[in-house]
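Q: Take a look at model01.cif, mmCIF, C-alpha atoms:
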data_run
loop_
_atom_site.label_atom_id
_atom_site.label_comp_id
_atom_site.auth_asym_id
_atom_site.auth_seq_id
_atom_site.Cartn_x
_atom_site.Cartn_y
_atom_site.Cartn_z
CA MET A 60 -18.07 -2.11 -35.32
CA THR A 61 -16.81 1.45 -35.61
CA LEU A 62 -13.21 2.50 -35.14
CA THR A 63 -14.19 4.41 -31.98
CA THR A 64 -15.85 1.30 -30.51
CA ARG A 65 -12.80 -0.86 -31.31
CA LEU A 66 -10.45 1.70 -29.73
CA SER A 67 -12.67 1.87 -26.64
CA LEU A 68 -12.57 -1.93 -26.29
CA ILE A 69 -8.78 -1.90 -26.64
CA ALA A 70 -8.43 0.90 -24.06
CA LEU A 71 -10.81 -0.69 -21.52
CA PRO A 72 -8.32 -3.19 -20.01
CA SER A 73 -5.74 -0.42 -19.58
CA MET A 74 -8.27 1.81 -17.86
CA LEU A 75 -9.31 -1.02 -15.53
CA LEU A 76 -5.68 -1.73 -14.60
CA ALA A 77 -5.03 1.97 -13.98
CA GLY A 78 -8.13 2.12 -11.80
CA LEU A 79 -6.91 -0.81 -9.72
CA ALA A 80 -3.46 0.73 -9.33
CA CYS A 81 -4.92 4.04 -8.18
CA ARG A 82 -7.92 2.58 -6.39
CA THR A 83 -9.63 4.65 -3.84
CA VAL A 84 -11.47 3.51 -0.78
CA PRO A 85 -14.52 5.46 0.37
CA GLY A 86 -13.51 7.84 3.13
CA ARG A 87 -9.84 7.67 2.21
CA ASP A 88 -7.99 10.99 1.89
CA VAL A 89 -4.70 9.58 0.60
CA ARG A 90 -3.76 7.11 -2.12
CA PHE A 91 -1.42 4.31 -0.99
CA GLU A 92 2.22 4.75 -1.88
CA PRO A 93 4.83 2.82 0.12
CA THR A 94 7.40 4.78 2.09
CA PRO A 95 10.92 3.96 0.82
CA MET A 96 12.84 1.81 3.32
CA PRO A 97 15.69 4.33 3.81
CA VAL A 98 13.01 6.87 4.78
CA VAL A 99 11.31 4.38 7.13
CA ARG A 100 14.60 3.87 8.95
CA ALA A 101 15.32 7.62 9.04
CA MET A 102 11.86 8.29 10.51
CA LEU A 103 12.33 5.70 13.25
CA GLU A 104 15.89 6.85 13.99
CA MET A 105 14.87 10.52 14.18
CA ALA A 106 12.14 9.60 16.65
CA GLY A 107 14.65 7.65 18.75
CA VAL A 108 12.42 4.56 18.65
CA GLY A 109 13.39 1.83 21.08
CA PRO A 110 11.98 -1.17 22.97
CA GLY A 111 9.84 1.00 25.26
CA ASP A 112 7.97 2.66 22.39
CA VAL A 113 4.63 2.01 20.75
CA VAL A 114 4.73 3.25 17.16
CA TYR A 115 1.39 4.03 15.52
CA ASP A 116 1.39 4.42 11.74
CA LEU A 117 -1.69 6.20 10.41
CA GLY A 118 -2.47 4.96 6.93
CA SER A 119 -0.15 2.02 7.44
CA GLY A 120 -0.63 0.42 4.03
CA GLU A 121 1.29 -2.85 3.86
CA GLY A 122 2.73 -2.29 7.34
CA ARG A 123 6.39 -1.58 6.67
CA ILE A 124 6.77 1.07 9.41
CA PRO A 125 5.22 -0.91 12.33
CA ILE A 126 6.97 -4.10 11.15
CA THR A 127 10.36 -2.36 10.90
CA ALA A 128 9.86 -0.68 14.29
CA ALA A 129 9.28 -4.12 15.84
CA ARG A 130 11.92 -6.08 13.92
CA GLU A 131 14.80 -3.57 13.98
CA TYR A 132 14.10 -1.37 17.02
CA GLY A 133 12.33 -3.72 19.43
CA ALA A 134 9.25 -1.48 19.66
CA ARG A 135 5.62 -2.46 19.50
CA GLY A 136 3.75 -1.33 16.39
CA VAL A 137 0.16 -0.48 15.56
CA GLY A 138 -0.98 0.21 12.02
CA VAL A 139 -4.28 1.90 11.24
CA GLU A 140 -5.48 1.29 7.69
CA ILE A 141 -8.82 1.89 5.98
CA ASP A 142 -8.23 -0.52 3.08
CA PRO A 143 -8.95 -4.15 4.07
CA VAL A 144 -6.76 -5.53 1.25
CA LEU A 145 -3.71 -3.57 2.45
CA LEU A 146 -4.52 -4.53 6.05
CA ALA A 147 -4.51 -8.24 5.11
CA ARG A 148 -1.15 -7.81 3.36
CA ALA A 149 0.29 -6.12 6.44
CA GLN A 150 -0.91 -8.92 8.71
CA ALA A 151 0.60 -11.53 6.38
CA ARG A 152 3.92 -9.62 6.25
CA ALA A 153 4.04 -9.41 10.06
CA GLN A 154 3.66 -13.21 10.19
CA GLU A 155 6.36 -13.70 7.53
CA GLU A 156 8.74 -11.31 9.34
CA GLY A 157 8.19 -13.07 12.69
CA VAL A 158 6.82 -10.00 14.49
CA ALA A 159 3.09 -10.77 14.59
CA ASP A 160 3.31 -10.86 18.39
CA LYS A 161 4.69 -7.27 18.44
CA VAL A 162 2.49 -5.58 15.84
CA GLU A 163 -1.21 -5.10 15.44
CA PHE A 164 -3.09 -3.83 12.41
CA ARG A 165 -6.47 -2.19 12.86
CA LEU A 166 -9.03 -1.66 10.14
CA GLY A 167 -10.34 1.85 10.53
CA ASP A 168 -10.28 5.53 9.77
CA MET A 169 -7.18 7.31 11.08
CA TYR A 170 -9.28 10.29 12.15
CA ASN A 171 -11.26 8.07 14.53
CA ALA A 172 -8.30 6.05 15.83
CA ASP A 173 -7.55 6.15 19.55
CA LEU A 174 -3.88 7.20 19.79
CA ARG A 175 -3.60 7.27 23.58
CA GLY A 176 -1.34 4.20 23.66
CA ALA A 177 1.18 5.69 21.21
CA THR A 178 4.55 7.20 22.07
CA VAL A 179 5.38 7.77 18.38
CA VAL A 180 3.03 8.47 15.45
CA THR A 181 4.27 8.22 11.88
CA LEU A 182 2.59 9.85 8.88
CA PHE A 183 2.94 9.79 5.11
CA LEU A 184 -0.20 11.62 4.17
CA HIS A 185 -0.72 15.04 2.58
CA PRO A 186 -0.87 18.57 4.02
CA GLN A 187 -4.65 18.60 4.64
CA PRO A 188 -4.83 15.26 6.52
CA ASN A 189 -1.76 16.29 8.57
CA LEU A 190 -3.48 19.53 9.59
CA LYS A 191 -6.73 17.72 10.32
CA LEU A 192 -4.88 15.33 12.67
CA ARG A 193 -3.11 18.04 14.70
CA PRO A 194 -5.78 18.42 17.44
CA LYS A 195 -5.95 14.64 17.94
CA LEU A 196 -2.16 14.37 18.14
CA ARG A 197 -1.97 17.16 20.74
CA GLU A 198 -4.83 15.75 22.82
CA GLN A 199 -3.96 12.06 22.76
CA LEU A 200 -0.17 11.81 22.73
CA PRO A 201 1.69 12.08 26.03
CA PRO A 202 4.09 14.97 26.73
CA GLY A 203 7.28 14.12 24.86
CA GLY A 204 5.38 11.99 22.36
CA ARG A 205 6.84 12.18 18.88
CA VAL A 206 5.23 12.76 15.51
CA VAL A 207 7.24 11.98 12.38
CA SER A 208 6.04 12.89 8.91
CA TYR A 209 7.49 11.92 5.56
CA MET A 210 7.31 14.69 2.93
CA TRP A 211 4.70 16.97 4.52
CA ASP A 212 4.93 19.42 7.40
CA MET A 213 2.24 20.33 9.95
CA GLY A 214 1.55 23.90 8.90
CA ASP A 215 2.78 26.38 11.49
CA TRP A 216 4.11 23.72 13.86
CA ASN A 217 7.89 24.14 14.00
CA PRO A 218 9.67 20.79 13.75
CA ALA A 219 12.18 19.82 16.42
CA THR A 220 14.23 18.20 13.67
CA PHE A 221 14.18 18.15 9.88
CA ARG A 222 16.20 15.86 7.64
CA ARG A 223 16.59 15.69 3.88
CA LEU A 224 17.46 12.36 2.24
CA GLY A 225 17.99 13.27 -1.39
CA ARG A 226 14.61 14.50 -2.57
CA HIS A 227 12.87 13.10 0.51
CA LYS A 228 11.99 15.23 3.55
CA VAL A 229 11.36 13.96 7.08
CA PHE A 230 10.01 16.11 9.92
CA LEU A 231 9.94 15.37 13.66
CA TRP A 232 7.84 17.15 16.31
CA ARG A 233 7.70 16.56 20.05
CA VAL A 234 4.46 17.07 21.95
CA PRO A 235 4.95 19.74 24.64
#
Starting from the file, give its structure as structure tokens.
A:
Amino acid sequence: MTLTTRLSLIALPSMLLAGLACRTVPGRDVRFEPTPMPVVRAMLEMAGVGPGDVVYDLGSGEGRIPITAAREYGARGVGVEIDPVLLARAQARAQEEGVADKVEFRLGDMYNADLRGATVVTLFLHPQPNLKLRPKLREQLPPGGRVVSYMWDMGDWNPATFRRLGRHKVFLWRVP
């Protein structure tokens, strides 16, 4: 066995672990990274989330935003996630947190999601997906509906509110 072959065999497990950590799902524009809890709370506070709201989280990952909206703000939550493994984790967390009756997680593509039941939409995506979602947000959210984005703006949309939490940025827009 050559030195190159031995090094390749040694490196293989590391490459496989890295691939799992950064796994991609076909059709997915964004890699999963959880939103820090202080940011989750800031997003929900900025949007003025309360018991009458339905908070949709596009790319909901493990469900922390819909679960927190239900548990701490009395809202209903809907998570849209393309990765079935993350969706299963979110459903299990909702059960563990005692809010499974107030949150729903849907397996699907955020670009095809029906947002007409939402009063608040939360995003932690990237600039391109945010821009791609703008027409849907305008068409499907009611007047006064709120869009909150962690880290990324919406191009030339001027936010109603902007907050910085250390190195984190949170933007809020209201649908006219």
Q: Nearest to A:Asp116: which of A:Arg223, A:Arg197, A:Arg135, A:Lys228 is it, counting all atoms listed in the file?
A: A:Arg135
Q: Tell me which of A:Gly120, A:Gly225, A:Gly109, A:Pro194 sits closest to A:Phe164, counting all atoms listed in the file.
A: A:Gly120
Q: Using all atoms listed in the file - which residues lie no farther than 7 Å from the point (6.3, -2.3, 17.6) in the file's frame? Write them as a ChimeraX atom specification.
A: /A:113-114,125-126,128-129,133-137,161-162
Q: Please save C-alpha atoms of the selected residues as a PDB file, in the coordinates of the input.
A:
ATOM      1  CA  VAL A 113       4.630   2.010  20.750  1.00  0.00           C
ATOM      2  CA  VAL A 114       4.730   3.250  17.160  1.00  0.00           C
ATOM      3  CA  PRO A 125       5.220  -0.910  12.330  1.00  0.00           C
ATOM      4  CA  ILE A 126       6.970  -4.100  11.150  1.00  0.00           C
ATOM      5  CA  ALA A 128       9.860  -0.680  14.290  1.00  0.00           C
ATOM      6  CA  ALA A 129       9.280  -4.120  15.840  1.00  0.00           C
ATOM      7  CA  GLY A 133      12.330  -3.720  19.430  1.00  0.00           C
ATOM      8  CA  ALA A 134       9.250  -1.480  19.660  1.00  0.00           C
ATOM      9  CA  ARG A 135       5.620  -2.460  19.500  1.00  0.00           C
ATOM     10  CA  GLY A 136       3.750  -1.330  16.390  1.00  0.00           C
ATOM     11  CA  VAL A 137       0.160  -0.480  15.560  1.00  0.00           C
ATOM     12  CA  LYS A 161       4.690  -7.270  18.440  1.00  0.00           C
ATOM     13  CA  VAL A 162       2.490  -5.580  15.840  1.00  0.00           C
TER      14      VAL A 162
END
Q: Using all atoms listed in the file, which of the listed residues (A:Asp160, A:Glu92, A:Asp112, A:Glu140) sits closest to A:Gly203?
A: A:Asp112
Q: Would you mind telling me which residue in A:Val179, A:Met105, A:Leu166, A:Leu200 lies nearest to A:Val144 when using all atoms listed in the file?
A: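 Closest to A:Val144, using all atoms listed in the file: A:Leu166.
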Q: List every protein, DNA or RNA residue that has at least one atom no more than 9 Å from (3.4, 16.2, 19.0) in the file's coordinates, counting all atoms listed in the file, and write the result as a PyMOL selection string.
A: chain A and resi 179-180+193+196-197+200-207+231-235
Q: Work out how far apart atom CA of A:Asn189 and atom CA of A:Glu104 are and give it in Å to one decimal.
A: 20.7 Å
Q: Report as JSON, numbers by chain the full result of the PyMOL selection byres ((chain A and resi 183) around 9) when it is applied to this structure.
A: {"A": [89, 92, 93, 94, 116, 117, 118, 119, 181, 182, 184, 185, 189, 207, 208, 209, 210, 211]}
Q: Quick one: of A:Ala101, A:Lys195, A:Gln154, A:Leu190, who's nearest to A:Trp216, counting all atoms listed in the file?
A: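 For A:Trp216, the nearest of the candidates is A:Leu190.
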Q: So how many Å separate atom CA of A:Pro97 and atom CA of A:Thr220, to one decimal?
A: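 Spanning atom CA of A:Pro97 to atom CA of A:Thr220 is a straight-line distance of 17.1 Å.
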Q: One decimal, Å: what's the distance from atom CA of A:Asn171 over to atom CA of A:Asp142, could you say?
A: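 One can read the atom CA of A:Asn171 to atom CA of A:Asp142 distance as 14.6 Å.
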